[in-house]
>>> print(open('protein_33.txt').read())   # compact mmCIF, N, CA and C atoms and all ligand atoms
# COMPACT_ATOMS: atom_id res chain seq x y z
N MET M 1 57.93 -53.71 -44.57
CA MET M 1 58.64 -53.65 -43.29
C MET M 1 57.67 -53.36 -42.15
N SER M 2 57.87 -53.98 -41.04
CA SER M 2 56.97 -53.78 -39.91
C SER M 2 57.56 -52.75 -38.95
N GLY M 3 56.77 -52.34 -37.98
CA GLY M 3 57.22 -51.38 -36.99
C GLY M 3 58.35 -51.92 -36.15
N ALA M 4 58.50 -53.22 -36.10
CA ALA M 4 59.55 -53.83 -35.30
C ALA M 4 60.93 -53.50 -35.85
N ASP M 5 60.99 -52.99 -37.07
CA ASP M 5 62.29 -52.69 -37.66
C ASP M 5 62.82 -51.33 -37.22
N LEU M 6 62.10 -50.63 -36.37
CA LEU M 6 62.50 -49.28 -36.02
C LEU M 6 63.71 -49.24 -35.08
N SER M 7 63.85 -50.22 -34.19
CA SER M 7 64.90 -50.10 -33.18
C SER M 7 65.77 -51.35 -33.03
N PRO M 8 65.87 -52.18 -34.01
CA PRO M 8 66.66 -53.40 -33.79
C PRO M 8 68.15 -53.13 -33.78
N SER M 9 68.88 -54.02 -33.15
CA SER M 9 70.33 -53.94 -33.18
C SER M 9 70.83 -54.31 -34.57
N PRO M 10 72.04 -53.92 -34.91
CA PRO M 10 72.56 -54.23 -36.25
C PRO M 10 72.65 -55.74 -36.47
N LEU M 11 72.46 -56.15 -37.70
CA LEU M 11 72.55 -57.57 -38.03
C LEU M 11 74.01 -57.94 -38.23
N MET M 12 74.34 -59.14 -37.82
CA MET M 12 75.67 -59.68 -38.04
C MET M 12 75.79 -60.09 -39.51
N ASP M 13 76.96 -59.91 -40.10
CA ASP M 13 77.16 -60.30 -41.49
C ASP M 13 77.68 -61.73 -41.54
N VAL M 14 76.83 -62.64 -41.97
CA VAL M 14 77.20 -64.05 -42.09
C VAL M 14 76.92 -64.48 -43.52
N PRO M 15 77.94 -64.73 -44.32
CA PRO M 15 77.71 -65.05 -45.73
C PRO M 15 77.06 -66.42 -45.92
N GLY M 16 76.29 -66.53 -47.00
CA GLY M 16 75.78 -67.83 -47.40
C GLY M 16 74.52 -68.29 -46.70
N MET M 17 73.84 -67.41 -45.98
CA MET M 17 72.62 -67.81 -45.31
C MET M 17 71.46 -67.83 -46.31
N VAL M 18 70.52 -68.73 -46.10
CA VAL M 18 69.42 -68.95 -47.04
C VAL M 18 68.11 -68.55 -46.38
N ALA M 19 67.25 -67.91 -47.14
CA ALA M 19 65.94 -67.51 -46.61
C ALA M 19 65.11 -68.73 -46.24
N PRO M 20 64.48 -68.70 -45.07
CA PRO M 20 63.63 -69.82 -44.66
C PRO M 20 62.29 -69.79 -45.40
N ASP M 21 61.68 -70.94 -45.52
CA ASP M 21 60.33 -71.05 -46.08
C ASP M 21 59.40 -71.29 -44.89
N ALA M 22 59.00 -70.21 -44.23
CA ALA M 22 58.30 -70.32 -42.95
C ALA M 22 56.79 -70.24 -43.13
N ARG M 23 56.10 -71.15 -42.44
CA ARG M 23 54.64 -71.17 -42.45
C ARG M 23 54.12 -71.39 -41.04
N GLY M 24 52.87 -71.06 -40.82
CA GLY M 24 52.22 -71.32 -39.55
C GLY M 24 52.95 -70.68 -38.39
N GLU M 25 53.16 -71.47 -37.32
CA GLU M 25 53.84 -70.95 -36.13
C GLU M 25 55.25 -70.48 -36.46
N GLU M 26 55.87 -71.11 -37.46
CA GLU M 26 57.23 -70.70 -37.82
C GLU M 26 57.26 -69.27 -38.35
N ALA M 27 56.22 -68.87 -39.07
CA ALA M 27 56.19 -67.49 -39.59
C ALA M 27 56.20 -66.50 -38.43
N THR M 28 55.46 -66.80 -37.36
CA THR M 28 55.46 -65.94 -36.17
C THR M 28 56.84 -65.93 -35.53
N TRP M 29 57.46 -67.11 -35.48
CA TRP M 29 58.80 -67.22 -34.87
C TRP M 29 59.81 -66.37 -35.63
N PHE M 30 59.76 -66.41 -36.96
CA PHE M 30 60.69 -65.61 -37.74
C PHE M 30 60.39 -64.11 -37.61
N GLU M 31 59.14 -63.78 -37.38
CA GLU M 31 58.83 -62.36 -37.11
C GLU M 31 59.48 -61.94 -35.78
N HIS M 32 59.48 -62.83 -34.80
CA HIS M 32 60.19 -62.55 -33.54
C HIS M 32 61.68 -62.35 -33.81
N CYS M 33 62.25 -63.17 -34.67
CA CYS M 33 63.67 -63.00 -35.02
C CYS M 33 63.92 -61.62 -35.61
N ARG M 34 62.99 -61.16 -36.43
CA ARG M 34 63.13 -59.83 -37.02
C ARG M 34 63.20 -58.76 -35.93
N GLN M 35 62.53 -59.06 -34.80
CA GLN M 35 62.56 -58.16 -33.63
C GLN M 35 63.76 -58.45 -32.73
N ARG M 36 64.67 -59.33 -33.19
CA ARG M 36 65.86 -59.75 -32.42
C ARG M 36 65.47 -60.49 -31.16
N ARG M 37 64.44 -61.33 -31.27
CA ARG M 37 63.98 -62.14 -30.15
C ARG M 37 64.12 -63.60 -30.53
N LEU M 38 64.75 -64.39 -29.65
CA LEU M 38 64.80 -65.84 -29.81
C LEU M 38 63.70 -66.41 -28.91
N THR M 39 62.66 -66.92 -29.51
CA THR M 39 61.50 -67.33 -28.72
C THR M 39 61.27 -68.84 -28.82
N PHE M 40 60.45 -69.32 -27.91
CA PHE M 40 60.05 -70.73 -27.91
C PHE M 40 58.64 -70.80 -27.34
N HIS M 41 58.02 -71.96 -27.50
CA HIS M 41 56.69 -72.16 -26.94
C HIS M 41 56.79 -72.85 -25.58
N ARG M 42 55.94 -72.42 -24.66
CA ARG M 42 55.74 -73.17 -23.42
C ARG M 42 54.27 -73.56 -23.36
N CYS M 43 54.02 -74.81 -22.99
CA CYS M 43 52.66 -75.31 -22.90
C CYS M 43 51.98 -74.73 -21.65
N GLY M 44 50.84 -74.12 -21.84
CA GLY M 44 50.10 -73.55 -20.72
C GLY M 44 49.45 -74.60 -19.84
N SER M 45 49.35 -75.83 -20.33
CA SER M 45 48.72 -76.91 -19.56
C SER M 45 49.73 -77.67 -18.71
N CYS M 46 50.89 -78.03 -19.30
CA CYS M 46 51.84 -78.89 -18.57
C CYS M 46 53.21 -78.23 -18.40
N SER M 47 53.38 -77.02 -18.90
CA SER M 47 54.62 -76.24 -18.79
C SER M 47 55.79 -76.78 -19.60
N ALA M 48 55.56 -77.77 -20.46
CA ALA M 48 56.64 -78.28 -21.31
C ALA M 48 57.18 -77.17 -22.20
N VAL M 49 58.49 -77.20 -22.43
CA VAL M 49 59.13 -76.28 -23.37
C VAL M 49 59.10 -76.94 -24.75
N LEU M 50 58.61 -76.21 -25.74
CA LEU M 50 58.43 -76.77 -27.07
C LEU M 50 59.27 -76.00 -28.08
N PHE M 51 60.06 -76.73 -28.83
CA PHE M 51 60.81 -76.12 -29.92
C PHE M 51 61.13 -77.20 -30.94
N PRO M 52 60.94 -76.96 -32.21
CA PRO M 52 60.40 -75.73 -32.79
C PRO M 52 58.93 -75.53 -32.45
N PRO M 53 58.43 -74.32 -32.66
CA PRO M 53 57.03 -74.05 -32.35
C PRO M 53 56.10 -74.93 -33.18
N ARG M 54 54.98 -75.26 -32.59
CA ARG M 54 54.03 -76.14 -33.28
C ARG M 54 52.63 -75.84 -32.77
N GLY M 55 51.67 -76.56 -33.31
CA GLY M 55 50.28 -76.26 -33.02
C GLY M 55 49.74 -76.89 -31.75
N ALA M 56 50.40 -77.95 -31.28
CA ALA M 56 49.91 -78.64 -30.07
C ALA M 56 51.09 -79.20 -29.30
N CYS M 57 50.91 -79.36 -28.00
CA CYS M 57 51.97 -79.88 -27.14
C CYS M 57 52.11 -81.39 -27.34
N PRO M 58 53.30 -81.88 -27.69
CA PRO M 58 53.47 -83.33 -27.88
C PRO M 58 53.43 -84.09 -26.55
N ALA M 59 53.58 -83.40 -25.43
CA ALA M 59 53.56 -84.08 -24.13
C ALA M 59 52.14 -84.33 -23.65
N CYS M 60 51.25 -83.34 -23.81
CA CYS M 60 49.91 -83.48 -23.25
C CYS M 60 48.80 -83.22 -24.26
N GLY M 61 49.16 -82.81 -25.46
CA GLY M 61 48.14 -82.54 -26.47
C GLY M 61 47.50 -81.17 -26.33
N GLY M 62 47.93 -80.41 -25.35
CA GLY M 62 47.35 -79.09 -25.12
C GLY M 62 47.63 -78.13 -26.26
N THR M 63 46.73 -77.20 -26.45
CA THR M 63 46.90 -76.21 -27.51
C THR M 63 47.04 -74.79 -26.95
N ASP M 64 47.13 -74.68 -25.62
CA ASP M 64 47.34 -73.37 -24.99
C ASP M 64 48.86 -73.13 -24.92
N LEU M 65 49.43 -72.76 -26.06
CA LEU M 65 50.88 -72.60 -26.16
C LEU M 65 51.23 -71.12 -26.12
N ARG M 66 52.19 -70.79 -25.30
CA ARG M 66 52.54 -69.38 -25.08
C ARG M 66 53.98 -69.12 -25.52
N TRP M 67 54.17 -67.98 -26.16
CA TRP M 67 55.52 -67.58 -26.56
C TRP M 67 56.29 -67.06 -25.36
N GLU M 68 57.53 -67.50 -25.23
CA GLU M 68 58.42 -66.94 -24.22
C GLU M 68 59.73 -66.57 -24.91
N ASP M 69 60.44 -65.61 -24.32
CA ASP M 69 61.71 -65.16 -24.87
C ASP M 69 62.87 -65.86 -24.17
N SER M 70 63.80 -66.33 -24.96
CA SER M 70 65.05 -66.85 -24.42
C SER M 70 66.00 -65.68 -24.19
N ALA M 71 66.86 -65.82 -23.19
CA ALA M 71 67.92 -64.82 -22.98
C ALA M 71 69.01 -64.95 -24.04
N GLY M 72 68.99 -66.06 -24.79
CA GLY M 72 69.91 -66.19 -25.92
C GLY M 72 71.26 -66.79 -25.58
N HIS M 73 71.32 -67.53 -24.48
CA HIS M 73 72.58 -68.16 -24.10
C HIS M 73 72.42 -69.68 -24.07
N GLY M 74 73.51 -70.38 -24.36
CA GLY M 74 73.46 -71.83 -24.33
C GLY M 74 74.84 -72.42 -24.49
N ARG M 75 74.85 -73.73 -24.74
CA ARG M 75 76.11 -74.46 -24.92
C ARG M 75 76.00 -75.35 -26.15
N VAL M 76 77.14 -75.60 -26.78
CA VAL M 76 77.17 -76.46 -27.95
C VAL M 76 76.94 -77.90 -27.51
N TYR M 77 75.89 -78.52 -28.03
CA TYR M 77 75.63 -79.93 -27.77
C TYR M 77 76.48 -80.77 -28.72
N SER M 78 76.50 -80.38 -29.98
CA SER M 78 77.31 -81.06 -30.99
C SER M 78 77.47 -80.13 -32.18
N TYR M 79 78.40 -80.45 -33.05
CA TYR M 79 78.58 -79.62 -34.23
C TYR M 79 79.26 -80.42 -35.33
N THR M 80 79.19 -79.88 -36.53
CA THR M 80 79.93 -80.45 -37.65
C THR M 80 80.49 -79.31 -38.48
N VAL M 81 81.59 -79.56 -39.14
CA VAL M 81 82.19 -78.56 -40.00
C VAL M 81 81.85 -78.89 -41.45
N GLN M 82 81.17 -77.95 -42.09
CA GLN M 82 80.78 -78.13 -43.48
C GLN M 82 81.87 -77.53 -44.36
N ARG M 83 82.53 -78.38 -45.14
CA ARG M 83 83.65 -77.91 -45.96
C ARG M 83 83.30 -77.87 -47.44
N ARG M 84 82.05 -78.09 -47.75
CA ARG M 84 81.61 -78.05 -49.14
C ARG M 84 80.74 -76.83 -49.34
N ARG M 85 81.13 -75.98 -50.28
CA ARG M 85 80.34 -74.80 -50.58
C ARG M 85 79.17 -75.19 -51.48
N VAL M 86 77.97 -74.99 -50.98
CA VAL M 86 76.79 -75.28 -51.78
C VAL M 86 76.52 -74.12 -52.74
N ARG M 87 76.88 -72.91 -52.32
CA ARG M 87 76.72 -71.72 -53.14
C ARG M 87 78.02 -70.92 -53.07
N PRO M 88 78.34 -70.18 -54.13
CA PRO M 88 79.64 -69.50 -54.17
C PRO M 88 79.82 -68.47 -53.07
N GLU M 89 78.73 -67.90 -52.54
CA GLU M 89 78.88 -66.87 -51.51
C GLU M 89 79.17 -67.45 -50.14
N MET M 90 79.12 -68.78 -50.04
CA MET M 90 79.39 -69.40 -48.74
C MET M 90 80.89 -69.40 -48.45
N PRO M 91 81.25 -69.37 -47.18
CA PRO M 91 82.68 -69.45 -46.84
C PRO M 91 83.25 -70.84 -47.16
N GLU M 92 84.57 -70.92 -47.18
CA GLU M 92 85.24 -72.20 -47.47
C GLU M 92 84.75 -73.30 -46.53
N SER M 93 84.57 -72.94 -45.29
CA SER M 93 84.05 -73.90 -44.32
C SER M 93 83.16 -73.14 -43.34
N SER M 94 82.19 -73.85 -42.81
CA SER M 94 81.31 -73.23 -41.83
C SER M 94 80.92 -74.29 -40.80
N VAL M 95 80.53 -73.82 -39.64
CA VAL M 95 80.20 -74.72 -38.54
C VAL M 95 78.68 -74.73 -38.35
N VAL M 96 78.10 -75.91 -38.40
CA VAL M 96 76.68 -76.10 -38.12
C VAL M 96 76.60 -76.82 -36.78
N ALA M 97 75.80 -76.26 -35.87
CA ALA M 97 75.81 -76.80 -34.50
C ALA M 97 74.40 -77.00 -33.97
N LEU M 98 74.30 -77.92 -33.03
CA LEU M 98 73.12 -78.07 -32.19
C LEU M 98 73.43 -77.37 -30.88
N ILE M 99 72.61 -76.40 -30.52
CA ILE M 99 72.83 -75.62 -29.30
C ILE M 99 71.76 -75.98 -28.28
N ASP M 100 72.19 -76.34 -27.07
CA ASP M 100 71.26 -76.49 -25.96
C ASP M 100 71.08 -75.13 -25.31
N VAL M 101 69.95 -74.52 -25.58
CA VAL M 101 69.66 -73.19 -25.06
C VAL M 101 69.25 -73.31 -23.59
N ASP M 102 69.67 -72.33 -22.80
CA ASP M 102 69.49 -72.40 -21.34
C ASP M 102 68.05 -72.64 -20.91
N GLU M 103 67.09 -72.16 -21.68
CA GLU M 103 65.69 -72.32 -21.29
C GLU M 103 65.17 -73.74 -21.52
N GLY M 104 66.00 -74.61 -22.13
CA GLY M 104 65.59 -76.00 -22.21
C GLY M 104 65.16 -76.50 -23.57
N PHE M 105 65.64 -75.87 -24.63
CA PHE M 105 65.37 -76.41 -25.95
C PHE M 105 66.65 -76.44 -26.77
N ARG M 106 66.62 -77.22 -27.83
CA ARG M 106 67.79 -77.42 -28.69
C ARG M 106 67.49 -76.85 -30.06
N ILE M 107 68.45 -76.13 -30.62
CA ILE M 107 68.25 -75.51 -31.93
C ILE M 107 69.44 -75.82 -32.82
N MET M 108 69.17 -76.12 -34.10
CA MET M 108 70.24 -76.29 -35.08
C MET M 108 70.49 -74.94 -35.73
N THR M 109 71.75 -74.56 -35.85
CA THR M 109 72.06 -73.21 -36.26
C THR M 109 73.47 -73.14 -36.82
N ARG M 110 73.81 -72.02 -37.42
CA ARG M 110 75.19 -71.74 -37.79
C ARG M 110 75.91 -71.24 -36.54
N LEU M 111 77.07 -71.82 -36.27
CA LEU M 111 77.93 -71.33 -35.20
C LEU M 111 79.03 -70.53 -35.87
N VAL M 112 79.03 -69.23 -35.64
CA VAL M 112 79.94 -68.34 -36.35
C VAL M 112 81.26 -68.27 -35.60
N CYS M 113 82.20 -69.10 -36.04
CA CYS M 113 83.54 -69.11 -35.48
C CYS M 113 84.43 -69.92 -36.43
N GLU M 114 85.72 -69.89 -36.19
CA GLU M 114 86.63 -70.72 -36.98
C GLU M 114 86.36 -72.18 -36.61
N PRO M 115 86.44 -73.09 -37.59
CA PRO M 115 86.14 -74.50 -37.29
C PRO M 115 86.96 -75.06 -36.13
N ASP M 116 88.24 -74.66 -36.03
CA ASP M 116 89.06 -75.22 -34.95
C ASP M 116 88.78 -74.56 -33.60
N GLN M 117 87.92 -73.57 -33.59
CA GLN M 117 87.52 -72.90 -32.36
C GLN M 117 86.30 -73.59 -31.74
N ALA M 118 85.52 -74.29 -32.56
CA ALA M 118 84.28 -74.92 -32.08
C ALA M 118 84.61 -76.08 -31.14
N ALA M 119 83.80 -76.23 -30.11
CA ALA M 119 84.00 -77.32 -29.16
C ALA M 119 82.67 -77.68 -28.50
N ILE M 120 82.48 -78.95 -28.28
CA ILE M 120 81.29 -79.38 -27.54
C ILE M 120 81.36 -78.81 -26.14
N GLY M 121 80.25 -78.25 -25.69
CA GLY M 121 80.18 -77.68 -24.35
C GLY M 121 80.52 -76.20 -24.27
N MET M 122 81.05 -75.62 -25.36
CA MET M 122 81.42 -74.20 -25.30
C MET M 122 80.19 -73.32 -25.13
N GLN M 123 80.39 -72.24 -24.39
CA GLN M 123 79.30 -71.29 -24.17
C GLN M 123 79.13 -70.43 -25.42
N VAL M 124 77.87 -70.21 -25.79
CA VAL M 124 77.56 -69.43 -26.98
C VAL M 124 76.40 -68.48 -26.68
N ALA M 125 76.29 -67.49 -27.53
CA ALA M 125 75.21 -66.50 -27.40
C ALA M 125 74.61 -66.24 -28.77
N VAL M 126 73.35 -65.88 -28.78
CA VAL M 126 72.66 -65.67 -30.05
C VAL M 126 73.06 -64.33 -30.66
N ALA M 127 73.06 -64.29 -31.98
CA ALA M 127 73.15 -63.06 -32.76
C ALA M 127 72.17 -63.26 -33.91
N PHE M 128 71.92 -62.22 -34.64
CA PHE M 128 70.96 -62.35 -35.74
C PHE M 128 71.60 -61.87 -37.02
N THR M 129 71.22 -62.52 -38.12
CA THR M 129 71.80 -62.18 -39.41
C THR M 129 70.71 -62.14 -40.47
N ASP M 130 71.05 -61.52 -41.58
CA ASP M 130 70.14 -61.48 -42.71
C ASP M 130 70.29 -62.75 -43.53
N ALA M 131 69.16 -63.31 -43.91
CA ALA M 131 69.17 -64.50 -44.77
C ALA M 131 68.20 -64.24 -45.92
N GLY M 132 68.68 -63.61 -46.95
CA GLY M 132 67.84 -63.36 -48.09
C GLY M 132 66.61 -62.53 -47.79
N GLY M 133 66.74 -61.59 -46.90
CA GLY M 133 65.61 -60.72 -46.54
C GLY M 133 64.93 -61.12 -45.24
N ALA M 134 65.10 -62.36 -44.83
CA ALA M 134 64.59 -62.79 -43.52
C ALA M 134 65.68 -62.57 -42.48
N VAL M 135 65.29 -62.55 -41.21
CA VAL M 135 66.27 -62.46 -40.13
C VAL M 135 66.28 -63.80 -39.42
N VAL M 136 67.46 -64.38 -39.28
CA VAL M 136 67.58 -65.69 -38.65
C VAL M 136 68.63 -65.63 -37.54
N PRO M 137 68.49 -66.49 -36.54
CA PRO M 137 69.49 -66.51 -35.47
C PRO M 137 70.70 -67.33 -35.87
N VAL M 138 71.86 -66.89 -35.42
CA VAL M 138 73.09 -67.67 -35.46
C VAL M 138 73.65 -67.61 -34.04
N PHE M 139 74.66 -68.38 -33.76
CA PHE M 139 75.27 -68.30 -32.43
C PHE M 139 76.75 -67.97 -32.57
N ILE M 140 77.28 -67.28 -31.59
CA ILE M 140 78.69 -66.90 -31.56
C ILE M 140 79.27 -67.31 -30.22
N PRO M 141 80.57 -67.54 -30.15
CA PRO M 141 81.17 -67.87 -28.86
C PRO M 141 80.90 -66.74 -27.86
N GLY M 142 80.68 -67.13 -26.61
CA GLY M 142 80.52 -66.09 -25.59
C GLY M 142 79.38 -66.37 -24.63
ZN ZN S 201 51.63 -79.78 -22.54
>>> encode(input="protein_33.txt", output="C-alpha cells")
Amino acid sequence: MSGADLSPSPLMDVPGMVAPDARGEEATWFEHCRQRRLTFHRCGSCSAVLFPPRGACPACGGTDLRWEDSAGHGRVYSYTVQRRRVRPEMPESSVVALIDVDEGFRIMTRLVCEPDQAAIGMQVAVAFTDAGGAVVPVFIPG
C-alpha cells in the first residue's frame, strides 16, 4: 500500500469489476485512481488532450506529456446495457458507457445506474470502486 491510501474517500461498491492489467503510462494512471484522481495527458508541445495516456502525442509526435486532473464531470456520449453475466458476482444487467469528460476526452466505463435510467447526454460524475485490488473509475448520475 502506498502513502496515497491514507486519506482517500470511501470506495463505491460496484459488483463484478475486474482488475486491470496496467503497464507503462497506464500503471501511473491507475495509481492516480488509487488517489481518487481522474487524470489525462496534455501535450506540452501542442496542448492536445490525450486519453488514454500514451508515450507520445498522436497530433504532433511530442513526448513532453503532462498529467492533469479532471474535475470528474461529463456527459454520456453513448451506452449499452449488458444483460449477460460473465461472472456470477456481476449484476443481472449493467450499463457500459462512453463518457465525454468536460476536459475533452472520452472514457469507456461502467455507468452505475438502473438500465432504464441511462440516457445519452445525461450528466454524470466520477466515483471510484475496487476492482480486484485495483481502484478504477466508474460514473454515476449527477
Ligand atoms: Zn502534441
>>> closest_residue(input="protein_33.txt", among="M:Ala118, M:Pro10, M:Phe105, M:Arg84", to="Phe51 in chain M", atoms="only N, CA and C atoms")
M:Phe105
>>> atom_distance(input="protein_33.txt", atom1="CA of Val101 in chain M", atom2="atom C of Arg83 in chain M")
26.6 Å
>>> residues_near_ligand(input="protein_33.txt", ligand="ligand ZN 201 (chain S)", cutoff="9 Å", atoms="only C-alpha atoms and all ligand atoms", output="list in words")
Arg42, Cys43, Gly44, Ser45, Cys46, Ser47, Ala48, Val49, Leu50, Ala56, Cys57, Pro58, Ala59, Cys60, Gly61, Gly62, Thr63, Asp64 and Leu65 of chain M
>>> residues_near_point(input="protein_33.txt", point="(63.8, -67.0, -29.1)", cutoff="7 Å", atoms="all atoms listed in the file", output="PyMOL selection string")
chain M and resi 32-33+37-40+68-72
>>> write_last_selection(input="protein_33.txt", atoms="N, CA and C atoms", output="compact mmCIF listing (two decimals), keeping the file's coordinate frame")
# COMPACT_ATOMS: atom_id res chain seq x y z
N HIS M 32 59.48 -62.83 -34.80
CA HIS M 32 60.19 -62.55 -33.54
C HIS M 32 61.68 -62.35 -33.81
N CYS M 33 62.25 -63.17 -34.67
CA CYS M 33 63.67 -63.00 -35.02
C CYS M 33 63.92 -61.62 -35.61
N ARG M 37 64.44 -61.33 -31.27
CA ARG M 37 63.98 -62.14 -30.15
C ARG M 37 64.12 -63.60 -30.53
N LEU M 38 64.75 -64.39 -29.65
CA LEU M 38 64.80 -65.84 -29.81
C LEU M 38 63.70 -66.41 -28.91
N THR M 39 62.66 -66.92 -29.51
CA THR M 39 61.50 -67.33 -28.72
C THR M 39 61.27 -68.84 -28.82
N PHE M 40 60.45 -69.32 -27.91
CA PHE M 40 60.05 -70.73 -27.91
C PHE M 40 58.64 -70.80 -27.34
N GLU M 68 57.53 -67.50 -25.23
CA GLU M 68 58.42 -66.94 -24.22
C GLU M 68 59.73 -66.57 -24.91
N ASP M 69 60.44 -65.61 -24.32
CA ASP M 69 61.71 -65.16 -24.87
C ASP M 69 62.87 -65.86 -24.17
N SER M 70 63.80 -66.33 -24.96
CA SER M 70 65.05 -66.85 -24.42
C SER M 70 66.00 -65.68 -24.19
N ALA M 71 66.86 -65.82 -23.19
CA ALA M 71 67.92 -64.82 -22.98
C ALA M 71 69.01 -64.95 -24.04
N GLY M 72 68.99 -66.06 -24.79
CA GLY M 72 69.91 -66.19 -25.92
C GLY M 72 71.26 -66.79 -25.58
>>> closest_residue(input="protein_33.txt", among="M:Val112, M:Met90, M:Ala131, M:Val124", to="Ala19 in chain M", atoms="only N, CA and C atoms")
M:Ala131
>>> select_by_dssp(input="protein_33.txt", residues="range 3-33 of chain M", states="alpha helix (DSSP H)", output="VMD selection string")
chain M and resid 25 to 33
>>> closest_residue(input="protein_33.txt", among="M:Asp102, M:Phe128, M:Ile120, M:Ser93", to="Ser78 in chain M", atoms="all atoms listed in the file")
M:Ile120
>>> atom_distance(input="protein_33.txt", atom1="CA of Glu103 in chain M", atom2="CA of Ala119 in chain M")
20.5 Å
>>> closest_residue(input="protein_33.txt", among="M:Glu89, M:Tyr79, M:Asp100, M:Trp29", to="Met17 in chain M", atoms="all atoms listed in the file")
M:Glu89
>>> atom_distance(input="protein_33.txt", atom1="atom N of Glu25 in chain M", atom2="CA of His73 in chain M")
23.7 Å
>>> select_by_dssp(input="protein_33.txt", residues="range 53-98 of chain M", states="strand (DSSP E)", output="list of chain:residue names")
M:Leu65, M:Arg66, M:Trp67, M:Glu68, M:Asp69, M:His73, M:Gly74, M:Arg75, M:Val76, M:Tyr77, M:Ser78, M:Tyr79, M:Thr80, M:Val81, M:Gln82, M:Ser94, M:Val95, M:Val96, M:Ala97, M:Leu98
>>> closest_residue(input="protein_33.txt", among="M:Ile107, M:Val18, M:Met12, M:Val95", to="Gly132 in chain M", atoms="all atoms listed in the file")
M:Val18
>>> residues_around(input="protein_33.txt", residues="Gln123 in chain M", least_positions_apart="2", cutoff="6 Å", atoms="all atoms listed in the file", output="list in words")
Gly74, Arg75, Val76, Gly121, Ala125, Ile140, Pro141 and Gly142 of chain M
>>> residues_around(input="protein_33.txt", residues="Gly24 in chain M", least_positions_apart="6", cutoff="10 Å", atoms="only C-alpha atoms", output="ChimeraX atom specification")
/M:53-55
>>> closest_residue(input="protein_33.txt", among="M:Val81, M:Val138, M:Ile99, M:Ala22", to="Asp116 in chain M", atoms="only C-alpha atoms")
M:Val81
